[in-house]
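Reading through the C-alpha cells given below for one structure.
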Amino acid sequence: RAWMDADFRRQLSARRERVEDAFEFEGRKVGRGSYGQVFKTKPRSCADAPAGDYALKQIEGSGLSMSACREIALLRELKHPNVISLKQVYLAHETRQIWLLFDYAEHDLWRMINFHASAKKCNSQVSLPPNFTKSIMHQILCGIHYLHSNWVLHRDLKPANILVMGTTSPERGRVKIADLGLARLFHQPLTPLTEIDPVVVTFWYRAPELLLGARHYTKAIDLWAIGCIMAELITDKPLFYCKQEEDIKTSSPYNRDQLERIFSVMGFPSQQDWRDLPHLPKYGDLVRNFGTGQQYARFSLGRHMSRSFGMSETSPEFRLLSRLLAMDPLRRPSAREALEDRYFLEEPRPAADVFNGFDIPYGKRDFISDSSDNKDDPARQQQSQPVHASLQQYQQSHQQALLLQQQQQQLS
Ligand SMILES: CNc1nccc(N2CC[C@H](NC(=O)Nc3ccc(CN4CCOCC4)c(C(F)(F)F)c3)C2)n1
C-alpha cells in the first residue's frame, strides 16, 4: 500500500513546505509565554503566501497537545472580520513543532491605552477621532456577537487580547479579537491560573460572579469584560485596578481585594440589584468579609465616572457602560442587544477604521531577544524541551488531580 512505502514518505517529506524555508523569522520575536512564542515575519520570495506581514505562532511543546488541537480546530471554523483569522498551519515533522500563520496585527489595546496614559502624564495629549472608543467598542461587540452565536466563549477578554491592524495592512484600523493567552488547562474558572503560568494574571476584567465562585463561564462574563474595556478606553485607567500580590497562593476564585475594588466603584449589590447573589458558592465569605456592605452605600458607577471623568450619567455612553457593568449577570445585555444600543445609532457613527484615517501615533512592536533564547536550530531547541516537558508533566499531573477531585465530589 502506497502510504506505507518509505520511498513515498521520503518524497512527501521532501515536498513538504517547511516553515523556515517559507518565512524569515530569526530574531523577530514579538511575544512569548507558556502558550509558545510569536514572530513577526514576511514570506520569502519562493513562498506562495501573498506579500505582507504575518504573525507566526510556534505552539509550546511538541506534537498535537490538547490545547493545540483546540486552538487549530476552533480557529479553522471561525471566520469574521473582527476575529483573528488563521491562514495556515505548519507541522514540522522532524521537531514535531506546530506553527500557526496569521495576518499580522501591529497594535493592541493594551499598548495603545498605555501610550495615551503616559502621553497624558507628560501633558502631551494625542488627538484621537471623536468616535475612537465607539468604533473600537462596535467592532469588539461584532466579533464577540459572532463568537457567541457560534457558542464560543472567549473567557479572557482584556485589552491585550484586542488586536488592531496597522497602517501596512489592507484592513488598516480594524479590531481583531485574539487570545494571546496563557495555556489554560480546561478553561474552567476554578483552575488556579497563577500556578500554571508565572506571568501575573490580572483579575481586573473578571466578572463578580466568577470572583464569588461561579462554576461556569457564560456569555455575560464576556460582556462584563467588554464593559471594563470600554471604561478603560474612556479614562485610560483600568476601572477595577487592584494591586496584585506577587505570589498568589490561593487556589480559590474568591479574591477579596478585587471584590473590594469593584464595590468601591459600583457600590454594594442589594437584594434588588442581584437576586441570585446569596446562591453563589462564596456568598458566605462575602458576608464574612463585607457584612451588609453599607460602607459602600454612597458609591456608584455614575458617581465614579462623573467625579473621575466628568461623564454625565444621562449620556448614551454612560448608559451603555452601566448596562454592560450590571452586577447581576442576568441583567447584562447580550452582544446583539448592546449593538442595538442608542450609543451606536447616534452621531458620530462608528467607523471601520478606528483611527478614521488619522495618523497612527503608536510605535511598532519591539522584538524580544531574551538571552536564554536558543537560536532557531531545532536540534538545540530540544535542549530547552525538558523545561516545557516538566510543564507538561505538571499539567498532566494537575489534570489527574482535578479529575480525581471531580470524582470525589461526585461521590460525596
Ligand atoms: C502579535 N501580532 C499578532 N498578529 C496577528 C495574530 C497574532 N496572534 C498571536 C497568537 C494569537 N493566537 C490566537 O489569537 N489564538 C486564538 C485561539 C483561540 C481563540 C478562541 N478561543 C479563545 C479561548 O476560549 C475558547 C475560544 C481565539 C479567538 F477566537 F478568541 F480569537 C484566538 C494570534 N499576533
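Residues in the C-alpha cells are numbered from 1 in each chain, the chains being A, B, ... in the order shown, and ligands are numbered from 1 in the order shown.
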Select from stretch 260-323 of chain A every residue with an atom at most 9 Å from any atom of stretch 250-255 of chain A, then for each give the shortest pair of atoms and their distance in Å to one decimal, using only C-alpha atoms, rows by chain and rising number, as CSV.
```
residue,atom,partner,partner_atom,distance
A:Glu260,CA,A:Asn255,CA,8.7
A:Lys282,CA,A:Tyr254,CA,6.9
A:Asp285,CA,A:Tyr254,CA,8.2
A:Leu286,CA,A:Tyr254,CA,8.8
```
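Scanning stretch 120-349 of chain A with DSSP on the backbone, the strand (DSSP E) assignments fall on Ile162, Leu163, Val164, Val175, Lys176 and Ile177 of chain A.
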Dump of N, CA and C atoms for the selected residues, as a compact mmCIF listing (two decimals), in the first residue's frame:
```txt
# COMPACT_ATOMS: atom_id res chain seq x y z
N ILE A 162 -7.16 42.35 22.47
CA ILE A 162 -7.86 43.06 21.39
C ILE A 162 -6.79 43.66 20.47
N LEU A 163 -6.56 43.02 19.31
CA LEU A 163 -5.52 43.49 18.40
C LEU A 163 -6.13 44.48 17.41
N VAL A 164 -5.28 45.34 16.85
CA VAL A 164 -5.74 46.31 15.84
C VAL A 164 -4.74 46.30 14.69
N VAL A 175 -10.32 46.12 14.25
CA VAL A 175 -10.15 45.37 15.51
C VAL A 175 -10.22 43.88 15.22
N LYS A 176 -9.31 43.13 15.83
CA LYS A 176 -9.33 41.66 15.72
C LYS A 176 -9.29 41.06 17.13
N ILE A 177 -10.32 40.35 17.50
CA ILE A 177 -10.30 39.66 18.79
C ILE A 177 -9.33 38.49 18.69
```
Could you list the protein, DNA and RNA residues that have any atom within 6 Å of ligand 1, counting only C-alpha atoms and all ligand atoms, and write them as a compact mmCIF listing (two decimals) with N, CA and C atoms, in the first residue's frame?
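Saved to part_0.txt:
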```txt
# COMPACT_ATOMS: atom_id res chain seq x y z
N VAL A 38 5.67 34.03 19.49
CA VAL A 38 5.10 34.64 18.28
C VAL A 38 6.16 35.48 17.59
N ALA A 55 2.01 36.99 11.33
CA ALA A 55 2.40 36.56 12.68
C ALA A 55 2.51 35.04 12.62
N LYS A 57 2.97 31.86 15.01
CA LYS A 57 2.96 31.39 16.39
C LYS A 57 3.51 29.98 16.43
N GLU A 71 -7.07 24.93 19.70
CA GLU A 71 -6.86 26.23 19.03
C GLU A 71 -7.03 26.07 17.53
N VAL A 83 -12.45 38.89 14.10
CA VAL A 83 -11.80 37.80 14.83
C VAL A 83 -10.54 37.43 14.07
N ILE A 84 -9.44 37.22 14.79
CA ILE A 84 -8.16 36.91 14.15
C ILE A 84 -8.35 35.70 13.24
N PHE A 102 -0.84 33.83 10.88
CA PHE A 102 -1.95 34.80 10.91
C PHE A 102 -1.53 36.06 10.14
N ASP A 103 -2.52 36.81 9.65
CA ASP A 103 -2.21 38.16 9.16
C ASP A 103 -1.75 38.96 10.37
N TYR A 104 -0.68 39.73 10.22
CA TYR A 104 -0.05 40.39 11.36
C TYR A 104 -0.82 41.62 11.83
N ALA A 105 -1.04 41.71 13.16
CA ALA A 105 -1.66 42.91 13.76
C ALA A 105 -0.57 43.67 14.51
N GLU A 106 -0.32 44.89 14.10
CA GLU A 106 0.79 45.67 14.67
C GLU A 106 0.46 46.21 16.06
N VAL A 152 -19.12 30.04 21.08
CA VAL A 152 -17.72 30.10 21.52
C VAL A 152 -17.62 31.24 22.53
N LEU A 153 -17.20 30.94 23.76
CA LEU A 153 -16.98 31.97 24.77
C LEU A 153 -15.51 32.33 24.74
N HIS A 154 -15.20 33.62 24.99
CA HIS A 154 -13.78 33.96 24.95
C HIS A 154 -13.12 33.66 26.29
N ARG A 155 -13.70 34.09 27.39
CA ARG A 155 -13.26 33.77 28.76
C ARG A 155 -12.11 34.63 29.25
N ILE A 177 -10.32 40.35 17.50
CA ILE A 177 -10.30 39.66 18.79
C ILE A 177 -9.33 38.49 18.69
N ALA A 178 -8.46 38.37 19.68
CA ALA A 178 -7.48 37.28 19.68
C ALA A 178 -7.41 36.69 21.08
N ASP A 179 -6.53 35.68 21.21
CA ASP A 179 -6.29 35.12 22.55
C ASP A 179 -4.81 34.79 22.64
N LEU A 180 -4.05 35.79 23.12
CA LEU A 180 -2.60 35.60 23.21
C LEU A 180 -2.28 34.76 24.43
```
Next on the checklist: With distances taken over only C-alpha atoms, which residue among A:Gly52, A:Ala119, A:Pro238, A:Arg9 lies nearest A:Glu171?
Outcome noted: A:Gly52
Contacts of A:Arg298 within 12 Å, only C-alpha atoms, excl. fewer than 5 positions in-chain, as a short mmCIF file (atom, residue, chain, number, x, y, z; two decimals) with N, CA, C and O atoms, in the first residue's frame:
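This is the output file part.cif:
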```
data_model
loop_
_atom_site.label_atom_id
_atom_site.label_comp_id
_atom_site.auth_asym_id
_atom_site.auth_seq_id
_atom_site.Cartn_x
_atom_site.Cartn_y
_atom_site.Cartn_z
N PHE A 263 -16.62 46.95 44.56
CA PHE A 263 -17.66 47.58 45.39
C PHE A 263 -17.39 49.07 45.60
O PHE A 263 -18.30 49.89 45.67
N SER A 264 -16.09 49.43 45.67
CA SER A 264 -15.80 50.86 45.92
C SER A 264 -16.03 51.69 44.67
O SER A 264 -16.03 52.92 44.72
N VAL A 265 -16.23 51.04 43.52
CA VAL A 265 -16.61 51.79 42.31
C VAL A 265 -18.12 51.69 42.11
O VAL A 265 -18.82 52.69 41.91
N MET A 266 -18.64 50.46 42.21
CA MET A 266 -20.03 50.18 41.83
C MET A 266 -21.01 50.33 42.97
O MET A 266 -22.22 50.42 42.74
N GLY A 267 -20.52 50.33 44.21
CA GLY A 267 -21.43 50.21 45.35
C GLY A 267 -21.63 48.72 45.64
O GLY A 267 -21.14 47.87 44.89
N PHE A 268 -22.33 48.42 46.73
CA PHE A 268 -22.52 47.01 47.11
C PHE A 268 -23.89 46.53 46.59
O PHE A 268 -24.87 47.24 46.74
N PRO A 269 -23.94 45.35 45.95
CA PRO A 269 -25.20 44.92 45.33
C PRO A 269 -26.27 44.60 46.39
O PRO A 269 -26.02 43.83 47.31
N GLY A 293 -22.49 45.46 53.63
CA GLY A 293 -21.92 46.33 52.58
C GLY A 293 -22.38 47.77 52.69
O GLY A 293 -22.20 48.55 51.75
N ARG A 303 -21.40 57.95 40.05
CA ARG A 303 -20.60 58.85 40.89
C ARG A 303 -19.13 58.75 40.49
O ARG A 303 -18.43 59.75 40.30
N HIS A 304 -18.64 57.50 40.29
CA HIS A 304 -17.23 57.30 39.95
C HIS A 304 -16.89 57.96 38.62
O HIS A 304 -15.91 58.70 38.50
#
```
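For the pair atom CA of A:Ser270 and atom CA of A:Gly213, the interatomic distance is 18.4 Å.
Restricting the calculation to only C-alpha atoms, the smallest distance between A:Ser85 and any of A:Gly143, A:Pro43, A:Pro129, A:Pro278 is found for A:Gly143.
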Item to check | 8 Å contact set for stretch 99-101 of chain A, only C-alpha atoms, chain neighbours under 3 positions out, as a VMD selection string | outcome: chain A and resid 19 54 to 59 86 to 92
The selected residues should be written to file as an mmCIF file, in the first residue's frame (atoms: C-alpha atoms).
```
data_model
loop_
_atom_site.group_PDB
_atom_site.id
_atom_site.type_symbol
_atom_site.label_atom_id
_atom_site.label_comp_id
_atom_site.auth_asym_id
_atom_site.auth_seq_id
_atom_site.Cartn_x
_atom_site.Cartn_y
_atom_site.Cartn_z
ATOM 1 C CA VAL A 19 8.034 26.973 7.692
ATOM 2 C CA TYR A 54 2.423 37.733 9.081
ATOM 3 C CA ALA A 55 2.402 36.555 12.677
ATOM 4 C CA LEU A 56 3.872 33.089 13.136
ATOM 5 C CA LYS A 57 2.964 31.390 16.395
ATOM 6 C CA GLN A 58 5.138 28.458 17.399
ATOM 7 C CA ILE A 59 2.950 26.410 19.749
ATOM 8 C CA LEU A 86 -5.783 31.565 10.876
ATOM 9 C CA LYS A 87 -4.186 31.466 7.380
ATOM 10 C CA GLN A 88 -2.126 28.267 7.548
ATOM 11 C CA VAL A 89 -0.937 25.504 9.873
ATOM 12 C CA TYR A 90 2.569 24.033 9.524
ATOM 13 C CA LEU A 91 3.527 20.710 11.105
ATOM 14 C CA ALA A 92 7.310 20.346 11.249
#
```
Item to check | Secondary structure check, helix (DSSP H, G or I) residues of stretch 16-155 of chain A, as a ChimeraX atom specification | outcome: /A:19-22,66-77,109-121,132-149
Checklist entry - What's the 8 Å shell around A:Ile229, counting only C-alpha atoms, without same-chain residues fewer than 5 positions away, as a PyMOL selection string? => result chain A and resi 158-159+205+238
Item to check | Which residue of A:Cys69, A:Gln258, A:Phe132, A:Leu320 approaches A:Arg332 most closely, using only C-alpha atoms | outcome: A:Leu320
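Restricting the calculation to only C-alpha atoms, the smallest distance between A:Pro81 and any of A:Lys364, A:Arg172, A:Lys243, A:Arg342 is found for A:Arg172.
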Checklist entry - Do you know which residues are at most 12 Å from A:Ile234 counting only C-alpha atoms, after dropping those on the same chain fewer than 5 positions away, and could you put them as a ChimeraX atom specification? => result /A:113,116-117,128,130-134,136-137,227-229,239,305-306,308-311,317-318,321
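Atom CA of A:Ala160 to atom CA of A:Gln97 spans 25.5 Å [interatomic distance, one decimal].
Between atom CA of A:Lys237 and atom CA of A:Leu211 there is a distance of 21.0 Å.
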